[in-house]
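The file data_9.cif comes next; it holds mmCIF, C-alpha atoms.
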```cif
data_entry
#
loop_
_atom_site.label_atom_id
_atom_site.label_comp_id
_atom_site.auth_asym_id
_atom_site.auth_seq_id
_atom_site.Cartn_x
_atom_site.Cartn_y
_atom_site.Cartn_z
CA MET I 1 0.00 0.00 0.00
CA LYS I 2 2.89 2.32 0.79
CA ARG I 3 4.36 1.81 -2.67
CA VAL I 4 1.04 2.74 -4.28
CA ALA I 5 1.02 5.99 -2.32
CA TYR I 6 4.61 6.74 -3.37
CA LEU I 7 3.71 6.06 -7.01
CA ALA I 8 0.65 8.30 -6.76
CA ILE I 9 2.80 11.12 -5.37
CA GLY I 10 5.36 10.69 -8.16
CA TRP I 11 2.85 10.60 -10.99
CA GLY I 12 0.96 13.47 -9.37
CA TRP I 13 4.17 15.49 -9.48
CA ALA I 14 4.64 14.58 -13.16
CA ALA I 15 1.06 15.72 -13.85
CA ALA I 16 1.73 18.97 -11.98
CA ILE I 17 4.77 19.61 -14.20
CA VAL I 18 2.63 19.08 -17.30
CA TRP I 19 -0.05 21.43 -15.98
CA LEU I 20 2.46 24.09 -14.93
CA SER I 21 4.13 23.84 -18.34
CA LEU I 22 0.89 24.38 -20.25
CA THR I 23 -1.05 26.82 -18.07
CA PRO I 24 -1.21 30.39 -19.39
CA ALA I 25 -0.07 31.94 -16.08
CA PRO I 26 2.37 29.68 -14.21
CA PRO I 27 3.75 30.81 -10.86
CA ARG I 28 7.02 32.72 -11.10
CA LEU I 29 10.09 32.71 -8.89
CA ASP I 30 11.15 36.31 -8.31
CA LEU I 31 14.86 35.55 -8.74
CA ALA I 32 17.41 35.94 -11.48
CA TYR I 33 16.95 32.86 -13.69
CA GLY I 34 14.02 31.82 -11.50
CA ASP I 35 12.36 30.11 -14.45
CA LYS I 36 15.43 27.95 -15.11
CA ILE I 37 15.82 27.17 -11.40
CA GLY I 38 12.17 26.05 -11.37
CA HIS I 39 12.73 23.75 -14.35
CA LEU I 40 15.89 22.27 -12.84
CA ALA I 41 14.29 21.71 -9.43
CA SER I 42 11.03 20.30 -10.79
CA TYR I 43 12.65 17.72 -13.02
CA GLY I 44 15.36 16.99 -10.46
CA LEU I 45 12.80 16.20 -7.77
CA LEU I 46 10.79 14.10 -10.20
CA MET I 47 13.78 11.99 -11.20
CA PHE I 48 15.01 11.73 -7.61
CA TRP I 49 11.60 10.45 -6.54
CA PHE I 50 11.38 7.79 -9.22
CA CYS I 51 14.96 6.69 -8.57
CA GLN I 52 13.80 5.70 -5.10
CA LEU I 53 11.10 3.48 -6.57
CA TYR I 54 12.73 1.82 -9.58
CA THR I 55 16.09 0.37 -10.53
CA ARG I 56 15.72 0.81 -14.31
CA ARG I 57 16.38 4.50 -14.07
CA ILE I 58 17.55 5.01 -17.64
CA PHE I 59 13.98 4.56 -18.90
CA PHE I 60 12.66 7.19 -16.54
CA ALA I 61 15.51 9.56 -17.32
CA ALA I 62 14.88 9.24 -21.06
CA GLY I 63 11.13 9.57 -20.57
CA PHE I 64 11.36 12.67 -18.41
CA ILE I 65 13.85 14.34 -20.75
CA LEU I 66 11.55 13.59 -23.69
CA MET I 67 8.61 14.92 -21.69
CA GLY I 68 10.48 18.19 -21.14
CA VAL I 69 11.32 18.51 -24.83
CA ALA I 70 7.75 17.69 -25.89
CA LEU I 71 6.27 20.21 -23.45
CA GLU I 72 8.56 22.94 -24.78
CA VAL I 73 7.53 22.15 -28.36
CA ILE I 74 3.86 22.27 -27.33
CA GLN I 75 4.45 25.59 -25.56
CA GLY I 76 5.81 27.01 -28.79
CA GLN I 77 2.58 26.06 -30.55
CA LEU I 78 0.19 27.43 -27.93
CA GLY I 79 0.68 31.12 -28.64
CA TYR I 80 0.58 32.19 -24.99
CA ARG I 81 3.79 30.40 -23.92
CA SER I 82 7.24 30.43 -25.47
CA PHE I 83 9.56 27.73 -26.79
CA GLU I 84 13.00 27.87 -25.14
CA VAL I 85 15.93 25.55 -25.71
CA ALA I 86 17.36 26.78 -22.39
CA ASP I 87 14.29 25.35 -20.62
CA MET I 88 14.88 21.98 -22.29
CA LEU I 89 18.47 22.07 -21.09
CA ALA I 90 17.40 22.97 -17.55
CA ASN I 91 14.90 20.08 -17.59
CA ALA I 92 17.55 17.60 -18.77
CA LEU I 93 20.11 18.86 -16.25
CA GLY I 94 17.49 18.52 -13.53
CA VAL I 95 16.88 14.89 -14.50
CA LEU I 96 20.59 14.16 -14.42
CA ALA I 97 21.07 16.00 -11.11
CA GLY I 98 18.13 14.16 -9.54
CA TRP I 99 19.53 10.84 -10.69
CA ALA I 100 23.00 11.67 -9.35
CA ALA I 101 21.61 12.83 -6.01
CA ALA I 102 19.56 9.65 -5.69
CA VAL I 103 22.55 7.42 -6.38
CA ILE I 104 24.76 9.28 -3.92
CA LEU I 105 22.18 9.65 -1.15
CA ARG I 106 20.60 6.22 -1.50
CA ARG I 107 23.83 4.56 -0.52
CA ALA I 108 24.00 6.59 2.67
CA PHE I 109 20.28 7.09 3.45
CA PRO I 110 17.84 4.63 1.85
CA LEU I 111 14.52 6.47 1.71
CA PHE I 112 12.01 3.80 0.76
#
```

Representation of the structure as structure tokens:
Amino acid sequence: MKRVAYLAIGWGWAAAIVWLSLTPAPPRLDLAYGDKIGHLASYGLLMFWFCQLYTRRIFFAAGFILMGVALEVIQGQLGYRSFEVADMLANALGVLAGWAAAVILRRAFPLF
């Protein structure tokens, strides 16, 4: 039952990223490069979370990176959002950072 709850949290976070990526007025971080920090943190947390649940991490990493690319392409087509390669890069770096953090921390502090 615990695993189901953890999966629901993870997929809920993925759904939140999709919604935040497509909504006309997403929340903004009032910092320099706040948008990029948000992308990096969102995808990093997502990958970190799924690394705690699965051992075949490469599939999730590839899927989340593709999700970030696809959402940017869709944003470019919407008219009220913009397509940015820098956002794609921040998403991918977040996935890689989340994966690295999970590998390093899991050895010392198993979470699940």

Pick the closest to Thr23 in chain I from I:Gly94, I:Arg107, I:Asp87, I:Tyr80: which is it, counting only C-alpha atoms?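 Of I:Gly94, I:Arg107, I:Asp87, I:Tyr80, the one nearest Thr23 in chain I is I:Tyr80, counting only C-alpha atoms.
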
Please produce, as a Markdown table, a per-residue contact table for range 20-103 of chain I versus range 3-12 of chain I (criterion: any atom at most 10 Å away, all atoms listed in the file considered), showing the nearest atom pair and its distance in Å to one decimal, sorted by chain then residue number.
```
| residue | atom | partner | partner_atom | distance |
| --- | --- | --- | --- | --- |
| I:Leu45 | CA | I:Gly10 | CA | 9.3 |
| I:Leu46 | CA | I:Gly10 | CA | 6.7 |
| I:Met47 | CA | I:Gly10 | CA | 9.0 |
| I:Phe48 | CA | I:Gly10 | CA | 9.7 |
| I:Trp49 | CA | I:Gly10 | CA | 6.5 |
| I:Phe50 | CA | I:Gly10 | CA | 6.8 |
| I:Gln52 | CA | I:Tyr6 | CA | 9.4 |
| I:Leu53 | CA | I:Leu7 | CA | 7.8 |
```

Write out the residues from the selection above, keeping C-alpha atoms, as a PDB file, in the frame of the given file.
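Output contents, as saved in result-v1.pdb:
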```
ATOM      1  CA  LEU I  45      12.800  16.200  -7.770  1.00  0.00           C
ATOM      2  CA  LEU I  46      10.790  14.100 -10.200  1.00  0.00           C
ATOM      3  CA  MET I  47      13.780  11.990 -11.200  1.00  0.00           C
ATOM      4  CA  PHE I  48      15.010  11.730  -7.610  1.00  0.00           C
ATOM      5  CA  TRP I  49      11.600  10.450  -6.540  1.00  0.00           C
ATOM      6  CA  PHE I  50      11.380   7.790  -9.220  1.00  0.00           C
ATOM      7  CA  GLN I  52      13.800   5.700  -5.100  1.00  0.00           C
ATOM      8  CA  LEU I  53      11.100   3.480  -6.570  1.00  0.00           C
TER       9      LEU I  53
END
```

Selection dump of the PyMOL selection byres ((chain I and resi 28-42) around 9), as an MDAnalysis selection string: chainID I and resid 13:14 17 25:27 43:47 86:95 97:98

Can you tell me how far CA of Val69 in chain I sits from CA of Arg106 in chain I, in Å to one decimal? 28.0 Å

When distances are computed from all atoms listed in the file, which of I:Val85, I:Ser21, I:Trp99, I:Gly76 shows the smallest separation from Arg56 in chain I?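 The shortest atom-to-atom distance to Arg56 in chain I comes from I:Trp99.
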
Provide range 25-97 of chain I of the preceding structure as a file containing C-alpha atoms, as a PDB file, in the first residue's frame.
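Saved as out31.pdb:
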```pdb
ATOM      1  CA  ALA I  25      -0.073  31.935 -16.084  1.00  0.00           C
ATOM      2  CA  PRO I  26       2.366  29.675 -14.210  1.00  0.00           C
ATOM      3  CA  PRO I  27       3.751  30.815 -10.862  1.00  0.00           C
ATOM      4  CA  ARG I  28       7.020  32.721 -11.104  1.00  0.00           C
ATOM      5  CA  LEU I  29      10.095  32.707  -8.894  1.00  0.00           C
ATOM      6  CA  ASP I  30      11.151  36.315  -8.313  1.00  0.00           C
ATOM      7  CA  LEU I  31      14.860  35.547  -8.741  1.00  0.00           C
ATOM      8  CA  ALA I  32      17.408  35.937 -11.483  1.00  0.00           C
ATOM      9  CA  TYR I  33      16.952  32.858 -13.691  1.00  0.00           C
ATOM     10  CA  GLY I  34      14.018  31.817 -11.498  1.00  0.00           C
ATOM     11  CA  ASP I  35      12.364  30.108 -14.454  1.00  0.00           C
ATOM     12  CA  LYS I  36      15.426  27.951 -15.107  1.00  0.00           C
ATOM     13  CA  ILE I  37      15.818  27.171 -11.395  1.00  0.00           C
ATOM     14  CA  GLY I  38      12.174  26.050 -11.367  1.00  0.00           C
ATOM     15  CA  HIS I  39      12.729  23.745 -14.352  1.00  0.00           C
ATOM     16  CA  LEU I  40      15.892  22.274 -12.841  1.00  0.00           C
ATOM     17  CA  ALA I  41      14.292  21.714  -9.429  1.00  0.00           C
ATOM     18  CA  SER I  42      11.030  20.296 -10.789  1.00  0.00           C
ATOM     19  CA  TYR I  43      12.649  17.721 -13.020  1.00  0.00           C
ATOM     20  CA  GLY I  44      15.356  16.990 -10.458  1.00  0.00           C
ATOM     21  CA  LEU I  45      12.804  16.200  -7.768  1.00  0.00           C
ATOM     22  CA  LEU I  46      10.789  14.099 -10.204  1.00  0.00           C
ATOM     23  CA  MET I  47      13.782  11.987 -11.198  1.00  0.00           C
ATOM     24  CA  PHE I  48      15.010  11.725  -7.612  1.00  0.00           C
ATOM     25  CA  TRP I  49      11.605  10.450  -6.536  1.00  0.00           C
ATOM     26  CA  PHE I  50      11.379   7.785  -9.221  1.00  0.00           C
ATOM     27  CA  CYS I  51      14.960   6.687  -8.568  1.00  0.00           C
ATOM     28  CA  GLN I  52      13.799   5.703  -5.096  1.00  0.00           C
ATOM     29  CA  LEU I  53      11.099   3.479  -6.572  1.00  0.00           C
ATOM     30  CA  TYR I  54      12.734   1.818  -9.576  1.00  0.00           C
ATOM     31  CA  THR I  55      16.094   0.368 -10.528  1.00  0.00           C
ATOM     32  CA  ARG I  56      15.721   0.813 -14.314  1.00  0.00           C
ATOM     33  CA  ARG I  57      16.377   4.502 -14.067  1.00  0.00           C
ATOM     34  CA  ILE I  58      17.546   5.013 -17.644  1.00  0.00           C
ATOM     35  CA  PHE I  59      13.985   4.558 -18.905  1.00  0.00           C
ATOM     36  CA  PHE I  60      12.655   7.186 -16.539  1.00  0.00           C
ATOM     37  CA  ALA I  61      15.512   9.560 -17.319  1.00  0.00           C
ATOM     38  CA  ALA I  62      14.884   9.243 -21.056  1.00  0.00           C
ATOM     39  CA  GLY I  63      11.134   9.573 -20.575  1.00  0.00           C
ATOM     40  CA  PHE I  64      11.358  12.667 -18.407  1.00  0.00           C
ATOM     41  CA  ILE I  65      13.851  14.341 -20.749  1.00  0.00           C
ATOM     42  CA  LEU I  66      11.547  13.591 -23.694  1.00  0.00           C
ATOM     43  CA  MET I  67       8.608  14.922 -21.685  1.00  0.00           C
ATOM     44  CA  GLY I  68      10.483  18.193 -21.136  1.00  0.00           C
ATOM     45  CA  VAL I  69      11.321  18.510 -24.828  1.00  0.00           C
ATOM     46  CA  ALA I  70       7.746  17.694 -25.889  1.00  0.00           C
ATOM     47  CA  LEU I  71       6.268  20.212 -23.453  1.00  0.00           C
ATOM     48  CA  GLU I  72       8.556  22.944 -24.780  1.00  0.00           C
ATOM     49  CA  VAL I  73       7.525  22.153 -28.359  1.00  0.00           C
ATOM     50  CA  ILE I  74       3.862  22.269 -27.333  1.00  0.00           C
ATOM     51  CA  GLN I  75       4.450  25.586 -25.562  1.00  0.00           C
ATOM     52  CA  GLY I  76       5.806  27.009 -28.794  1.00  0.00           C
ATOM     53  CA  GLN I  77       2.582  26.059 -30.554  1.00  0.00           C
ATOM     54  CA  LEU I  78       0.189  27.431 -27.930  1.00  0.00           C
ATOM     55  CA  GLY I  79       0.679  31.116 -28.636  1.00  0.00           C
ATOM     56  CA  TYR I  80       0.576  32.185 -24.988  1.00  0.00           C
ATOM     57  CA  ARG I  81       3.790  30.397 -23.924  1.00  0.00           C
ATOM     58  CA  SER I  82       7.241  30.426 -25.471  1.00  0.00           C
ATOM     59  CA  PHE I  83       9.559  27.734 -26.793  1.00  0.00           C
ATOM     60  CA  GLU I  84      13.002  27.871 -25.138  1.00  0.00           C
ATOM     61  CA  VAL I  85      15.927  25.548 -25.712  1.00  0.00           C
ATOM     62  CA  ALA I  86      17.357  26.776 -22.388  1.00  0.00           C
ATOM     63  CA  ASP I  87      14.286  25.347 -20.619  1.00  0.00           C
ATOM     64  CA  MET I  88      14.885  21.981 -22.294  1.00  0.00           C
ATOM     65  CA  LEU I  89      18.469  22.072 -21.090  1.00  0.00           C
ATOM     66  CA  ALA I  90      17.397  22.971 -17.549  1.00  0.00           C
ATOM     67  CA  ASN I  91      14.899  20.078 -17.594  1.00  0.00           C
ATOM     68  CA  ALA I  92      17.554  17.603 -18.768  1.00  0.00           C
ATOM     69  CA  LEU I  93      20.106  18.858 -16.250  1.00  0.00           C
ATOM     70  CA  GLY I  94      17.487  18.521 -13.533  1.00  0.00           C
ATOM     71  CA  VAL I  95      16.877  14.894 -14.501  1.00  0.00           C
ATOM     72  CA  LEU I  96      20.595  14.164 -14.415  1.00  0.00           C
ATOM     73  CA  ALA I  97      21.068  16.002 -11.106  1.00  0.00           C
TER      74      ALA I  97
END
```
